[in-house]
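A.B. asks: This is the structure I have questions about; it appears just below.
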Amino acid sequence: MGERPGLPGSDTPRDLGFTRQPRMVPWLSPTQLIGTGLRVFLSETFGSYSDKREILAALPELSPITYTESPEAWVDYIADLGDAFEPTYAMASLLARRQLTIPGADLQVSTPRGQVLVMGGDEVYPTASVRAYENQTVGPYRAALPYVEPEAAAPHLYAIPGNHDWYDGLTAFVRTFCRGQWVGGWKTQQTRSYFAMQLPQRWWLWGIDVQFDSYIDEPQFRYFADTVAKLVQPGDSVILCTPTPAWVAANEEEGEEAYVTIDYFERKVVRGACQAEVRLMITGDSHHYARYEQTDGTAPSPSSEGRSAQSPSSEGRSAQSPSSEGRSAQKITAGGGGAFLSATHNLPTSLVLPPPESRDPGKSDPPTYWRLAERHPSKADSARLRWRAFRLPFENRGLWVLIGLIHLGFAWMAASSRQADGRFSEFLSRVSYGGLVRALAHTPLAILVAMALVWGLAGFTKTGVAAKKWGLGGSHAVGQMLAILVSIAVAARICSAMGLTGLGFDAVFVVLAGTGGGLLGCEVMAVYLLVADRFGLNDNELFAAQRNRDWKNFVRMHVGRDGALTVYPVAVDHTPRRWHLRKGGTDDDPWFEPDGGPVEFKLIEAPIRIEAYDPRNVQRQEDSHGA
């Protein structure tokens with residue numbers, strides 16, 4: 001590990017070695033939207049022509065790393081990190097603790113730090129670069145676990161890329177995670193953007209790289225189907241880390257093909273080449289916790305959520321449906337590493353995988369059925385948090401400014417069409433609502449801008465159903481146009497009532513219409529987002545606009561001596577807002593401590609026990625159902 005880093009002399013970037021990110025990413029900021037949109041376009045357009053995964057395949061063959069020296073193993077999983085410092089560091093500081101005693105409703109469990117830490121995608125926001133990784137991921141994690149001694153005891157670090165890691169073509173990701181470097185006390189191990197590790201008791205953990213949910217490249221496919229398959233015994237159990245919860249998207253509107261790539265990989269590689277079985281599929285991308293468990297082959301009723309979830313006192317028992325005998329496979333979304341909170345109230349309560357609507361001719365048959373067993377935050381909490389949408393202008397001030405400029409632009413276009421004696425203020429001081437509409441209707445530029453507004457807001461409505469797109473998007477556009485008329489007319493009347501004329505009128509009008517119009521337009525957008533959410537649309541934008549840094553989570557997993565996998569989902573409902581550099585302590589103590597007391601955390605639900613895969617048990621269940 002080299003020299004001990006020691007405690008920095010101050011919390012300045014020079015002494016820390018990184019710059020703390022003070023604010024959450026303002027996703028609805030115009031500059032942010034334009035910059036991210038451009039990177040998405042470039043990466044998706046040219047990514048297939050310069051696939052970094054195929055370049056990495058030229059390196060020496062990658063062998064799976066084994067962790068079978070001990071009969072048990074601990075693995076930590078976290079995803080969607082590297083946003084603002086406070087939530088990212090809060091989660092890193094918990095992962096770094098040697099021992100974590102996690103309280104539940106009626107129990108508490110003591111768990112050691114994971115021997116392995118898996119970062120499950122989107123390791124930095126909004127876009128990847130070497131500097132962004134250093135400031136928003138590597139730096140905070142190094143500060144949380146500066147040093148581990150002896151070096152042989154240092155936990156290992158693996159990562160798979162999400163879409164945000166791909167925005168620079170995977171260049172910064174490879175430099176950060178694929179070169180055997182130290183991230184504080186964690187040591188990176190992988191040489192490619194995917195990996196396989198062998199755990200005790202015939203368990204495996206695989207991380208796959210699905211570029212923008214498109215496909216698995218041939219070298220990666222051959223790695224798992226050939227190199228890894230030679231080491232896998234028939235009947236082994238697999239924990240599969242994927243970049244997105246494709247199982248949820250596949251059961252949403254127009255998402256029927258979202259599960260095709262995962263289904264193909266599971267069918268051809270896991271069950272085919274390896275004769276193994278995925279017992280747990282885990283992902284991030286959606287910034288909440290959600291667990292689906294497999295049912296006995298029939299579609300669960302929508303009201304069955306939580307029916308078989310464990311009671312707090314059921315520690316050590318299996319999370320199971322009544323007929324599954326404790327052997328239900330699980331699919332978990334755990335994207336609570338630091339990015340804004342995602343909604344849970346619109347999650348489907350049951351899944352069919354692959355969905356019947358999928359046109360994939362080779363899809364798995366028969367399909368499997370799943371039910372929503374747990375989510376965090378709860379449906380009620382998520383629905384309550386929707387109303388924070390009205391904070392949109394204060395959390396996204398760039399959008400406030402842009403909408404204000406649009407209002408002023410329409411005022412200028414209206415005044416220019418019928419300006420009285422060449423004076424801007426004279427028209428506005430005596431204009432009526434009807435006169436304002438007529439003035440804009442006689443201005444070709446205003447008509448073009450209004451048409452562009454309708455088209456853009458219809459596109460903002462995330463649906464392929466034309467009636468919803470143009471109905472909701474068109475209504476949103478009408479609302480924004482009415483807001484423009486109101487802000488111009490009201491600001492003009494206030495200036496007239498104040499007796500202002502000439503430049504004085506113009507100056508005050510710009511302030512009133514720009515500031516008030518921007519605020520009004522943002523609140524109209526907030527109303528639209530709340531209405532669209534009722535139709536199951538735009539909930540990502542609804543919550544992204546809030547930049548909520550609370551309700552975070554990670555997952556700790558334990559392969560026990562008895563061969564079962566136990567999953568401990570850990571939540572932090574409130575992340576401390578202020579951290580100070582500690583004084584004293586040892587070299588491996590975290591650098592920062594929160595003001596106002598330690599980070600509070602809890603179990604989201606009782607530990608989930610997943611039995612290892614055994615084909616004989618599956619056959620017995622099938623026989624009993626047949627009988």
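A note on labels: chains of the structure tokens are A, B, ... as shown, every chain counts residues from 1, and ligands are counted from 1 in their shown order.
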Please provide the set of residues having any atom within 9 Å of segment 146-153 of chain A, restricted to only C-alpha atoms, with same-chain residues fewer than 2 positions apart removed, written as a ChimeraX atom specification.
C.D. replies: /A:1,4-7,115,141-144,155,183-186,587-591
A.B. asks: Can you list every residue in segment 398-607 of chain A that DSSP puts in alpha helix (DSSP H), as a PyMOL selection string?
C.D. replies: chain A and resi 398-417+424-429+433-441+444-460+466-497+502-534+539-544
A.B. asks: Where in segment 120-367 of chain A does DSSP assign strand (DSSP E or B), given as a ChimeraX atom specification?
C.D. replies: /A:156-159,182-183,186-188,195-199,203-207,237-242,277-283,289-294,318,330-334,350-353
A.B. asks: Please tabulate, as a Markdown table, the residues of segment 189-283 of chain A that come within 6 Å of segment 63-84 of chain A, each with its closest pair of atoms and the distance in Å to one decimal, counting only C-alpha atoms and ordering rows by chain, then residue number upward.
C.D. replies:
| residue | atom | partner | partner_atom | distance |
| --- | --- | --- | --- | --- |
| A:Ala196 | CA | A:Pro64 | CA | 5.1 |
| A:Met197 | CA | A:Ile65 | CA | 4.8 |
| A:Gln198 | CA | A:Thr66 | CA | 4.5 |
| A:Leu199 | CA | A:Tyr67 | CA | 5.0 |
| A:Pro200 | CA | A:Thr68 | CA | 4.6 |
A.B. asks: Go ahead and write the residues just picked, N, CA and C atoms, as a CSV table (one decimal), in the first residue's frame.
C.D. replies:
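Result file again36.csv:
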chain,number,residue,atom,x,y,z
A,196,ALA,N,-15.4,-12.4,-12.6
A,196,ALA,CA,-16.1,-13.5,-11.9
A,196,ALA,C,-15.2,-13.9,-10.7
A,197,MET,N,-15.8,-14.1,-9.6
A,197,MET,CA,-15.1,-14.6,-8.4
A,197,MET,C,-15.8,-15.8,-7.8
A,198,GLN,N,-15.0,-16.7,-7.4
A,198,GLN,CA,-15.5,-17.9,-6.8
A,198,GLN,C,-15.5,-17.8,-5.3
A,199,LEU,N,-16.7,-18.0,-4.7
A,199,LEU,CA,-16.9,-17.9,-3.3
A,199,LEU,C,-17.0,-19.3,-2.6
A,200,PRO,N,-17.0,-19.4,-1.3
A,200,PRO,CA,-17.1,-20.7,-0.7
A,200,PRO,C,-18.4,-21.4,-1.0
A.B. asks: Neighbours of Gly502 of chain A within 6 Å (only C-alpha atoms; same-chain residues fewer than 2 positions away dropped), as a short mmCIF file (atom, residue, chain, number, x, y, z; two decimals) with C-alpha atoms, in the first residue's frame?
C.D. replies:
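Result file is out.cif:
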data_model
loop_
_atom_site.label_atom_id
_atom_site.label_comp_id
_atom_site.auth_asym_id
_atom_site.auth_seq_id
_atom_site.Cartn_x
_atom_site.Cartn_y
_atom_site.Cartn_z
CA SER A 425 -42.72 50.06 -22.11
CA GLY A 504 -37.51 52.50 -15.11
CA PHE A 505 -40.53 50.53 -16.32
#
A.B. asks: Could you pull the residues within 10 Å of Asp285 of chain A, counting only C-alpha atoms, minus those fewer than 3 positions along the same chain, as a VMD selection string?
C.D. replies: chain A and resid 79 to 80 120 to 122 162 to 164 242 to 246 288 333 to 336 339 342
A.B. asks: For Pro594 of chain A, please output as a list in words all residues within 8 Å (counting only C-alpha atoms; exclusion window: fewer than 4 positions along the same chain).
C.D. replies: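 The neighbour list is Pro576, Arg577, Arg578, Trp579, His580, Pro598 and Val599 of chain A.
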A.B. asks: Find the spatial neighbours of Trp370 of chain A, counting only C-alpha atoms, within a cut-off of 7 Å - ignore same-chain residues fewer than 5 positions away - and output them as number ranges by chain.
C.D. replies: A: 292-295, 350-352
